[in-house]
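Q: Next up is a structure, given as C-alpha cells.
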Amino acid sequence: MKRDIADATSISKEDLAKLTKEANEEATPSRMKIMWGEFKADKPALVSLFLLVFFILFVIIASEFIDVPKMMETNIMGYYNKPFSSDYWLGADAGGRSIAKELVVGSRNSISIAIGLTIISSTFGICWGLVSGYFGGMVDLAMQRVYDFMMIIPMLMTIIVIVTIIPHYNAITLTLILSIFYWMGTSRLIRSRTLAESQKDYVAASKTSGTSNFKIIFREIMPNISSLIIVDTTLSFAENIGVETGLSFLGFGLPMGTPSLGTLIANANDPENITQYWWTWLPAAIEIIILCLSISYIGQVMRRTTNAAQRRGQDQK
Amino acid sequence: MWKTILRRVLIMIPELIILSILVFLLAKAMPGDPFTGSINPRADPAQIHHLMEIHGLYDPWYQQYWNWVVHLFHGDLGMSYEYQEPVVDLIQQRGANTLWLALFTMVLTYGIGLPLGMYAAHHEGKLQDTLVRVYTYVTMSIPFFVVLVIGIWIFGYALNWFPTSGSVSAQASGLGGTMLSRLDHIILPGLLGALFGTVNIVQYLRSEVIDAKHSDYVRTARSKGVPMKDIYRHHIFRNSLLPIAAFAGYSITGLLGGSIFTEMVFSYPGMGLLFLNAINFRDYTVITALVLLYGFLNLLGTLLSDIVLSIVDPRVRVE
C-alpha cells in the first residue's frame, strides 16, 4: 500500500517532461513569441527589422571613427566636389565637407535624439495616461484640463521660441525641450485603455484585497496593456525622427557645427543647391524616408500581433 | 446642447489667459533688444536707452503684460520694430495668404480623403483596399518637410510646372490675372499638403463605413429589398460623414503647424514665414501676436469641432 501512494505522488522524469511539453503546447504563447512568429511570417518586416538594427549599429560605431570637428572644417579644395570620386563617396557641400561622413554622424545624432525623445515622452505619457485613467473623477478631470491646454499651444512656434531663448543648449537639453510637447498622443491612448481596464473584475478584486494603487497600476494594469504600449512606442519613434530633423531643417534644432539629417536637408533651401548640387541634400532625404517607412512598417506588424484575428504567424491554427 | 457649448466657452477663458501670460513671458525672455543695430550701427546708447523707456521696456513684467492686454482689447497689437508697421496690418496682409493656402489645402484634403475612404470601405479586403492602406501608410510615415523639399525639387525646379516662391507673380495684371497667379502659387503646396494629410479622414471613414455595412439596420434594409446604392446614399453616408465634418475644426491645428514648413520651402509670404523672420530679428511684438493668434485659432478650431460633434452625437452632450 505504502509503495502505491509513493508511486502516485512521484512522477517519473519522462512523464514530467511529457507533461511539461503538453502544457507548453497548450499554453497561450508569450507576447514576445507571438511577435517573433509574426516577424518570421512577414519577410519584408523581418528584412526591415534587421536592416534597421544593422543601420543603427553601423552609424553608431562608424561615427566613433570620424573626427567630427575636423570633418566640419571648411576645405576649399573640396568645394562642391562631385559624388563617386575617390575622396568623396557622396560628394562635398559648399564648405568642401564630405557628405558621406556628415551623413553618418548626422544619422547617429538624429537617431539618438529620436530614441531619447521616444523614451522620455512615452514614459511620461504612459504614466500620465495610467494615473488619469485609473483614478478617474476629479483627478482625471484636472489632468484632462492640462492635456487640453497642451493641445492648444502652437507647438512648433513655442519650441522655436524656447530654443531661441536658451543661450547654450546641446542635444540633451533639446531632447528635454521636445519631450515637453510630445507626450499628449500617448497619454490620450493609454488613458482610454486604462479607463476600460480599470472597470474589469481583476482590478476590483485586487482593490478589495487591499493592494496599493501604485501596485495595481504598474504591476497589474500596465502589463495587461503592454502590447498597446509597445506598438505606440514604435510608431511614435517613427514620428519622432521627423521632429528633430524638422526643427534642424528650419534652423532651430541642433546647434551649429553639429550635423543632423535635418541640417543636411536644409542645404536644399538654397536654390543653387537644390538645382545643381543634388548630392548635398538628397541622400539625407532618402535616408529619412527609408528609416521612417521601415520603423513604421515594423510598428504596423507589431500592431497586428495585438489583434489575434489579424495575425499571420504560425500560432494561428 | 446649449449647456455643452456654454461649458466649452467657459473653459476657453482660463486657457486663453494662461496662454497669453506664457506667450508674453517667453517673448520677454528672448535675448537682445529690438533697437540695437536696427536704427544705425553708430546709434548712441543713451538714445537706445531713451527708446526703451518710451516703449516701456523697463517696466516690471506684469505691468508690461497688463499694458499689452489692454492694447490687445483695443485691437492694437503694437508696432513691428522690424517692418515699422502696425502688427495688425502685417498680420492682415500675411494672414490672407496663409488663409487661402489653408482653405485650399483643406478642400483638397476632403476632396481626396472622402472618396478614397469610401472606395476602400466599399472594396473591403480586396486589392483596392490594400492599395489605399499602402497609400495611407506611406503618407503617414514620411515627415512632411521632406515631402515638401522633394516636391518642390521635382515639380518646381526640375519639371518647372509650378512657381517656386512668392504668392503672386509680378507680371500678373487685372483681377482675373492676379487670381490665376495666386492659384498657380498655391496648387503645388496645397496638393502636397492634401495628399499627405488625408490619413485620418481615410482611416476613420473606412472603419465607420465598414462598421455601418455590417450593422443590423443595413441588414434590415437589404432584406427589405432596398438597393445597395440607396442604402449607401441614405443610411451609411449620412451616419459616417457627419463626424468627419466635425474633424475640420481639429485639422486647423495641423494645417497651421504645417504652414511654417510649407511657407519656408515655398518662400510663401504668409504668417509662418513672417514668424520665422520675426524670430531672426527678435521682433517681440510680432512673435507674441502670432503665437497668441495661432493658439487662439487652435482653440476656436477645437471649440467648433466640439460643438458640431455635440450636435451630431447626442452622447457627447452635457445634460
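Labeling convention for the C-alpha cells: chains A, B, ... as they appear, residues from 1 per chain, ligands from 1 in order of appearance.
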Please, which residues of chain B lie no more than 6 Å from chain A when the count uses only C-alpha atoms, and can they be set out as number ranges by chain?

A: B: 30, 141-143, 295, 298-299

Q: Using only C-alpha atoms for the distances, tell me which of B:Thr285, B:Tyr217, B:Phe73, B:Arg222 is nearest to Pro86 in chain B.

A: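 Checking each of B:Thr285, B:Tyr217, B:Phe73, B:Arg222 against Pro86 in chain B, counting only C-alpha atoms, the winner is B:Thr285.
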
Q: Compile the contact shell of Pro60 in chain B as a list in words: residues with an atom at most 12 Å away, counting only C-alpha atoms, same-chain residues fewer than 5 positions apart removed.

A: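 The neighbour list is Leu25, Lys28, Tyr65, Trp66 and Asn67 of chain B.
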
Q: Report the residues of range 20-190 of chain B whose backbone DSSP state falls under strand (DSSP E), written as a list in words.

A: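 Result set for range 20-190 of chain B (strand (DSSP E)): Met79, Ser80, Glu85 and Pro86 of chain B.
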
Q: Do you know which residues are at most 10 Å from range 236-248 of chain B counting only C-alpha atoms, after dropping those on the same chain fewer than 2 positions away, and could you put them as a ChimeraX atom specification?

A: /B:106-107,110,114,118,200-202,204-213,215,217-218,230-234,250-253,301-302,304-313

Q: Enumerate as a ChimeraX atom specification all residues of range 4-132 of chain B assigned to alpha helix (DSSP H) by DSSP on the backbone, naming them with the chain letters and numbers the document uses.

A: /B:4-28,45-54,61-73,87-122,127-132

Q: Enter the distance from CA of Val138 in chain B to CA of Thr105 in chain B, in Å, rounded to one decimal.

A: 19.0 Å

Q: Tell me which of A:Ile11, A:Ile221, A:Ile115, A:Ala100 sits closest to Thr175 in chain A, counting only C-alpha atoms.

A: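 Checking each of A:Ile11, A:Ile221, A:Ile115, A:Ala100 against Thr175 in chain A, counting only C-alpha atoms, the winner is A:Ile115.
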
Q: Expressed in Å to a single decimal, how great is the separation between CA of Asp129 in chain B and CA of Thr109 in chain B?

A: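 Between CA of Asp129 in chain B and CA of Thr109 in chain B the gap works out to 18.9 Å.
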
Q: Please identify all polymer residues within 9 Å of Ala120 in chain B, counting only C-alpha atoms, omitting same-chain residues fewer than 2 positions from it, and present them as a PDB file with N, CA, C and O atoms, in the first residue's frame.

A:
ATOM      1  N   PRO B 115     -13.605  60.377 -50.925  1.00  0.00           N
ATOM      2  CA  PRO B 115     -13.812  59.302 -51.908  1.00  0.00           C
ATOM      3  C   PRO B 115     -12.906  58.101 -51.651  1.00  0.00           C
ATOM      4  O   PRO B 115     -13.335  56.953 -51.792  1.00  0.00           O
ATOM      5  N   LEU B 116     -11.682  58.381 -51.213  1.00  0.00           N
ATOM      6  CA  LEU B 116     -10.727  57.296 -51.000  1.00  0.00           C
ATOM      7  C   LEU B 116     -11.175  56.388 -49.852  1.00  0.00           C
ATOM      8  O   LEU B 116     -11.102  55.157 -49.947  1.00  0.00           O
ATOM      9  N   GLY B 117     -11.625  57.002 -48.777  1.00  0.00           N
ATOM     10  CA  GLY B 117     -12.104  56.216 -47.643  1.00  0.00           C
ATOM     11  C   GLY B 117     -13.299  55.362 -48.017  1.00  0.00           C
ATOM     12  O   GLY B 117     -13.397  54.176 -47.684  1.00  0.00           O
ATOM     13  N   MET B 118     -14.222  55.980 -48.749  1.00  0.00           N
ATOM     14  CA  MET B 118     -15.415  55.267 -49.236  1.00  0.00           C
ATOM     15  C   MET B 118     -15.019  54.087 -50.118  1.00  0.00           C
ATOM     16  O   MET B 118     -15.515  52.979 -49.967  1.00  0.00           O
ATOM     17  N   HIS B 122     -15.704  50.251 -49.520  1.00  0.00           N
ATOM     18  CA  HIS B 122     -16.553  49.566 -50.492  1.00  0.00           C
ATOM     19  C   HIS B 122     -15.900  48.264 -50.961  1.00  0.00           C
ATOM     20  O   HIS B 122     -16.560  47.267 -51.161  1.00  0.00           O
ATOM     21  N   HIS B 123     -14.584  48.289 -51.130  1.00  0.00           N
ATOM     22  CA  HIS B 123     -13.852  47.109 -51.595  1.00  0.00           C
ATOM     23  C   HIS B 123     -13.118  46.445 -50.443  1.00  0.00           C
ATOM     24  O   HIS B 123     -11.987  46.019 -50.608  1.00  0.00           O
ATOM     25  N   GLU B 124     -13.734  46.409 -49.292  1.00  0.00           N
ATOM     26  CA  GLU B 124     -13.089  45.892 -48.090  1.00  0.00           C
ATOM     27  C   GLU B 124     -12.413  44.546 -48.341  1.00  0.00           C
ATOM     28  O   GLU B 124     -13.024  43.607 -48.861  1.00  0.00           O
ATOM     29  N   GLY B 125     -11.110  44.479 -47.966  1.00  0.00           N
ATOM     30  CA  GLY B 125     -10.391  43.205 -48.046  1.00  0.00           C
ATOM     31  C   GLY B 125      -9.871  42.865 -49.428  1.00  0.00           C
ATOM     32  O   GLY B 125      -9.144  41.895 -49.595  1.00  0.00           O
ATOM     33  N   LYS B 126     -10.219  43.686 -50.429  1.00  0.00           N
ATOM     34  CA  LYS B 126      -9.739  43.375 -51.782  1.00  0.00           C
ATOM     35  C   LYS B 126      -8.452  44.151 -52.075  1.00  0.00           C
ATOM     36  O   LYS B 126      -7.954  44.896 -51.237  1.00  0.00           O
ATOM     37  N   GLN B 128      -7.963  46.752 -53.942  1.00  0.00           N
ATOM     38  CA  GLN B 128      -8.114  48.210 -53.871  1.00  0.00           C
ATOM     39  C   GLN B 128      -7.933  48.703 -52.436  1.00  0.00           C
ATOM     40  O   GLN B 128      -7.304  49.734 -52.183  1.00  0.00           O
ATOM     41  N   ASP B 129      -8.497  47.929 -51.504  1.00  0.00           N
ATOM     42  CA  ASP B 129      -8.397  48.276 -50.096  1.00  0.00           C
ATOM     43  C   ASP B 129      -6.934  48.277 -49.653  1.00  0.00           C
ATOM     44  O   ASP B 129      -6.467  49.187 -48.970  1.00  0.00           O
ATOM     45  N   THR B 130      -6.216  47.232 -50.074  1.00  0.00           N
ATOM     46  CA  THR B 130      -4.795  47.132 -49.723  1.00  0.00           C
ATOM     47  C   THR B 130      -4.018  48.317 -50.286  1.00  0.00           C
ATOM     48  O   THR B 130      -3.168  48.886 -49.596  1.00  0.00           O
ATOM     49  N   LEU B 131      -4.327  48.692 -51.534  1.00  0.00           N
ATOM     50  CA  LEU B 131      -3.612  49.817 -52.143  1.00  0.00           C
ATOM     51  C   LEU B 131      -3.837  51.096 -51.348  1.00  0.00           C
ATOM     52  O   LEU B 131      -2.898  51.847 -51.083  1.00  0.00           O
ATOM     53  N   VAL B 132      -5.081  51.327 -50.945  1.00  0.00           N
ATOM     54  CA  VAL B 132      -5.368  52.528 -50.159  1.00  0.00           C
ATOM     55  C   VAL B 132      -4.627  52.458 -48.836  1.00  0.00           C
ATOM     56  O   VAL B 132      -4.098  53.457 -48.346  1.00  0.00           O
ATOM     57  N   ARG B 133      -4.540  51.246 -48.255  1.00  0.00           N
ATOM     58  CA  ARG B 133      -3.834  51.130 -46.984  1.00  0.00           C
ATOM     59  C   ARG B 133      -2.342  51.428 -47.162  1.00  0.00           C
ATOM     60  O   ARG B 133      -1.727  52.090 -46.327  1.00  0.00           O
ATOM     61  N   VAL B 202      -9.259  59.172 -44.192  1.00  0.00           N
ATOM     62  CA  VAL B 202      -9.427  57.890 -44.888  1.00  0.00           C
ATOM     63  C   VAL B 202      -9.627  56.760 -43.887  1.00  0.00           C
ATOM     64  O   VAL B 202     -10.573  55.978 -43.996  1.00  0.00           O
ATOM     65  N   ARG B 206     -13.169  54.848 -43.463  1.00  0.00           N
ATOM     66  CA  ARG B 206     -13.169  53.448 -43.861  1.00  0.00           C
ATOM     67  C   ARG B 206     -13.741  52.588 -42.736  1.00  0.00           C
ATOM     68  O   ARG B 206     -14.629  51.762 -42.968  1.00  0.00           O
TER      69      ARG B 206
END

Q: Identify, on the basis of only C-alpha atoms, every residue whose closest approach to Pro269 in chain B does not exceed 10 Å; exclude the query and any residue fewer than 6 positions from it along the same chain; express the result as a CSV table (one decimal) with all heavy atoms, in the first residue's frame.

A:
chain,number,residue,atom,x,y,z
B,93,GLN,N,-2.1,91.3,-43.9
B,93,GLN,CA,-1.6,91.0,-45.3
B,93,GLN,C,-1.2,89.6,-45.4
B,93,GLN,O,-1.6,88.8,-46.3
B,93,GLN,CB,-0.4,91.9,-45.6
B,93,GLN,CG,-0.6,93.4,-45.6
B,93,GLN,CD,0.7,94.1,-45.4
B,93,GLN,OE1,1.8,93.6,-45.4
B,93,GLN,NE2,0.6,95.4,-45.1
B,94,ARG,N,-0.4,89.1,-44.4
B,94,ARG,CA,0.2,87.8,-44.5
B,94,ARG,C,-0.9,86.7,-44.2
B,94,ARG,O,-0.9,85.7,-44.7
B,94,ARG,CB,1.3,87.6,-43.4
B,94,ARG,CG,2.4,88.6,-43.6
B,94,ARG,CD,3.0,88.5,-45.0
B,94,ARG,NE,4.3,89.2,-45.0
B,94,ARG,CZ,5.5,88.6,-44.8
B,94,ARG,NH1,5.5,87.4,-44.4
B,94,ARG,NH2,6.6,89.3,-44.8
B,95,GLY,N,-1.8,87.1,-43.2
B,95,GLY,CA,-2.8,86.2,-42.8
B,95,GLY,C,-3.7,85.7,-44.0
B,95,GLY,O,-4.1,84.6,-44.1
B,96,ALA,N,-4.0,86.7,-44.9
B,96,ALA,CA,-4.8,86.4,-46.0
B,96,ALA,C,-4.2,85.3,-46.9
B,96,ALA,O,-4.8,84.3,-47.3
B,96,ALA,CB,-5.0,87.6,-46.9
B,97,ASN,N,-2.8,85.4,-47.1
B,97,ASN,CA,-2.1,84.4,-47.8
B,97,ASN,C,-2.2,83.0,-47.2
B,97,ASN,O,-2.5,82.0,-47.8
B,97,ASN,CB,-0.6,84.8,-48.0
B,97,ASN,CG,-0.4,85.9,-49.0
B,97,ASN,OD1,-1.3,86.1,-49.9
B,97,ASN,ND2,0.7,86.6,-48.9
B,98,THR,N,-1.9,83.0,-45.9
B,98,THR,CA,-2.0,81.7,-45.2
B,98,THR,C,-3.4,81.1,-45.2
B,98,THR,O,-3.6,79.9,-45.4
B,98,THR,CB,-1.5,81.9,-43.7
B,98,THR,OG1,-0.2,82.4,-43.7
B,98,THR,CG2,-1.6,80.6,-42.9
B,165,SER,N,8.5,80.2,-55.6
B,165,SER,CA,8.5,81.2,-54.5
B,165,SER,C,7.4,82.2,-54.7
B,165,SER,O,6.9,82.4,-55.8
B,165,SER,CB,9.9,81.8,-54.3
B,165,SER,OG,10.1,82.8,-55.3
B,166,GLY,N,7.1,82.9,-53.6
B,166,GLY,CA,6.1,84.0,-53.7
B,166,GLY,C,4.7,83.6,-53.6
B,166,GLY,O,4.4,82.4,-53.6
B,167,SER,N,3.8,84.6,-53.6
B,167,SER,CA,2.4,84.2,-53.6
B,167,SER,C,1.6,84.7,-54.8
B,167,SER,O,0.5,84.3,-55.1
B,167,SER,CB,1.7,84.9,-52.4
B,167,SER,OG,1.7,86.3,-52.5
B,168,VAL,N,2.3,85.6,-55.6
B,168,VAL,CA,1.6,86.1,-56.8
B,168,VAL,C,2.8,86.7,-57.6
B,168,VAL,O,3.7,87.3,-57.1
B,168,VAL,CB,0.6,87.2,-56.5
B,168,VAL,CG1,1.2,88.4,-55.7
B,168,VAL,CG2,-0.2,87.7,-57.7
B,263,GLU,N,5.5,77.3,-45.9
B,263,GLU,CA,5.8,78.7,-46.3
B,263,GLU,C,7.3,78.9,-46.4
B,263,GLU,O,7.8,79.7,-47.2
B,263,GLU,CB,5.2,79.7,-45.4
B,263,GLU,CG,3.7,79.7,-45.6
B,263,GLU,CD,3.0,80.5,-44.5
B,263,GLU,OE1,3.6,81.2,-43.8
B,263,GLU,OE2,1.7,80.4,-44.5

Q: For Phe24 in chain B, find every residue with an atom within 12 Å (counting only C-alpha atoms), except residues of its own chain fewer than 3 positions away, and show them as a ChimeraX atom specification.

A: /A:158,161 /B:17-21,27-30,61-69,284-292

Q: Could the residues in this selection be written to a file with N, CA, C and O atoms, as a compact mmCIF listing (two decimals), in the first residue's frame?

A:
# COMPACT_ATOMS: atom_id res chain seq x y z
N THR A 158 6.21 77.51 -30.27
CA THR A 158 6.69 77.62 -28.89
C THR A 158 8.07 76.99 -28.76
O THR A 158 8.95 77.54 -28.09
N VAL A 161 10.60 79.37 -30.13
CA VAL A 161 10.85 80.48 -29.21
C VAL A 161 11.73 80.02 -28.06
O VAL A 161 12.72 80.69 -27.71
N ILE B 17 -6.17 82.91 -21.03
CA ILE B 17 -5.39 83.78 -20.14
C ILE B 17 -4.02 83.16 -19.86
O ILE B 17 -2.98 83.83 -20.00
N ILE B 18 -4.00 81.85 -19.53
CA ILE B 18 -2.72 81.20 -19.24
C ILE B 18 -1.83 81.25 -20.48
O ILE B 18 -0.65 81.57 -20.41
N LEU B 19 -2.43 80.98 -21.64
CA LEU B 19 -1.65 81.01 -22.88
C LEU B 19 -1.03 82.38 -23.09
O LEU B 19 0.16 82.50 -23.42
N SER B 20 -1.83 83.44 -22.87
CA SER B 20 -1.31 84.79 -23.14
C SER B 20 -0.16 85.12 -22.20
O SER B 20 0.84 85.71 -22.62
N ILE B 21 -0.28 84.73 -20.91
CA ILE B 21 0.81 85.00 -19.97
C ILE B 21 2.07 84.25 -20.40
O ILE B 21 3.17 84.81 -20.47
N ALA B 27 8.28 85.65 -24.83
CA ALA B 27 8.80 86.69 -25.71
C ALA B 27 9.71 87.64 -24.95
O ALA B 27 10.72 88.10 -25.46
N LYS B 28 9.35 87.92 -23.68
CA LYS B 28 10.17 88.81 -22.87
C LYS B 28 11.54 88.21 -22.59
O LYS B 28 12.54 88.90 -22.45
N ALA B 29 11.56 86.87 -22.46
CA ALA B 29 12.81 86.20 -22.09
C ALA B 29 13.79 86.12 -23.25
O ALA B 29 14.92 85.69 -23.08
N MET B 30 13.36 86.55 -24.44
CA MET B 30 14.26 86.44 -25.59
C MET B 30 15.43 87.39 -25.45
O MET B 30 15.28 88.50 -24.97
N TRP B 61 7.36 93.12 -15.41
CA TRP B 61 6.70 92.34 -16.46
C TRP B 61 5.19 92.37 -16.38
O TRP B 61 4.51 92.43 -17.40
N TYR B 62 4.63 92.37 -15.13
CA TYR B 62 3.17 92.32 -15.02
C TYR B 62 2.55 93.61 -15.55
O TYR B 62 1.48 93.60 -16.15
N GLN B 63 3.31 94.73 -15.35
CA GLN B 63 2.79 95.99 -15.88
C GLN B 63 2.82 95.99 -17.41
O GLN B 63 1.87 96.40 -18.06
N GLN B 64 3.92 95.49 -17.94
CA GLN B 64 4.01 95.38 -19.41
C GLN B 64 2.93 94.47 -19.95
O GLN B 64 2.31 94.75 -20.97
N TYR B 65 2.71 93.36 -19.21
CA TYR B 65 1.69 92.41 -19.65
C TYR B 65 0.33 93.09 -19.66
O TYR B 65 -0.44 92.95 -20.60
N TRP B 66 0.06 93.81 -18.57
CA TRP B 66 -1.25 94.46 -18.46
C TRP B 66 -1.44 95.47 -19.60
O TRP B 66 -2.49 95.49 -20.25
N ASN B 67 -0.41 96.29 -19.86
CA ASN B 67 -0.48 97.24 -20.97
C ASN B 67 -0.79 96.52 -22.28
O ASN B 67 -1.62 96.97 -23.07
N TRP B 68 -0.09 95.41 -22.43
CA TRP B 68 -0.24 94.65 -23.68
C TRP B 68 -1.68 94.16 -23.84
O TRP B 68 -2.28 94.26 -24.90
N VAL B 69 -2.25 93.63 -22.70
CA VAL B 69 -3.61 93.11 -22.76
C VAL B 69 -4.60 94.23 -23.04
O VAL B 69 -5.51 94.08 -23.88
N TYR B 284 9.76 91.14 -31.02
CA TYR B 284 8.86 90.61 -29.97
C TYR B 284 7.39 90.75 -30.29
O TYR B 284 6.61 89.82 -30.12
N THR B 285 7.00 91.96 -30.70
CA THR B 285 5.56 92.22 -30.86
C THR B 285 4.95 91.27 -31.88
O THR B 285 3.87 90.72 -31.66
N VAL B 286 5.69 91.03 -32.96
CA VAL B 286 5.16 90.14 -33.99
C VAL B 286 5.11 88.70 -33.45
O VAL B 286 4.13 87.99 -33.65
N ILE B 287 6.17 88.28 -32.73
CA ILE B 287 6.22 86.92 -32.21
C ILE B 287 5.05 86.65 -31.26
O ILE B 287 4.30 85.70 -31.44
N THR B 288 4.88 87.55 -30.26
CA THR B 288 3.79 87.33 -29.32
C THR B 288 2.45 87.30 -30.03
O THR B 288 1.62 86.43 -29.76
N ALA B 289 2.24 88.25 -30.93
CA ALA B 289 0.95 88.31 -31.62
C ALA B 289 0.69 87.03 -32.38
O ALA B 289 -0.41 86.46 -32.31
N LEU B 290 1.71 86.52 -33.08
CA LEU B 290 1.50 85.34 -33.91
C LEU B 290 1.25 84.08 -33.07
O LEU B 290 0.34 83.31 -33.35
N VAL B 291 2.08 83.88 -32.01
CA VAL B 291 1.88 82.68 -31.19
C VAL B 291 0.49 82.71 -30.56
O VAL B 291 -0.23 81.71 -30.54
N LEU B 292 0.11 83.89 -30.07
CA LEU B 292 -1.21 84.01 -29.46
C LEU B 292 -2.31 83.75 -30.48
O LEU B 292 -3.28 83.04 -30.20

Q: Rounded to one decimal, what separation in Å do you get between CA of Leu6 in chain B and CA of Gln144 in chain A?

A: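 Separation between CA of Leu6 in chain B and CA of Gln144 in chain A: 18.2 Å.
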
Q: Given only C-alpha atoms as the basis, pick out the residue of B:Gly111, B:Pro14, B:Trp153, B:Met52 nearest to Tyr277 in chain A.

A: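 Of B:Gly111, B:Pro14, B:Trp153, B:Met52, the one nearest Tyr277 in chain A, counting only C-alpha atoms, is B:Trp153.
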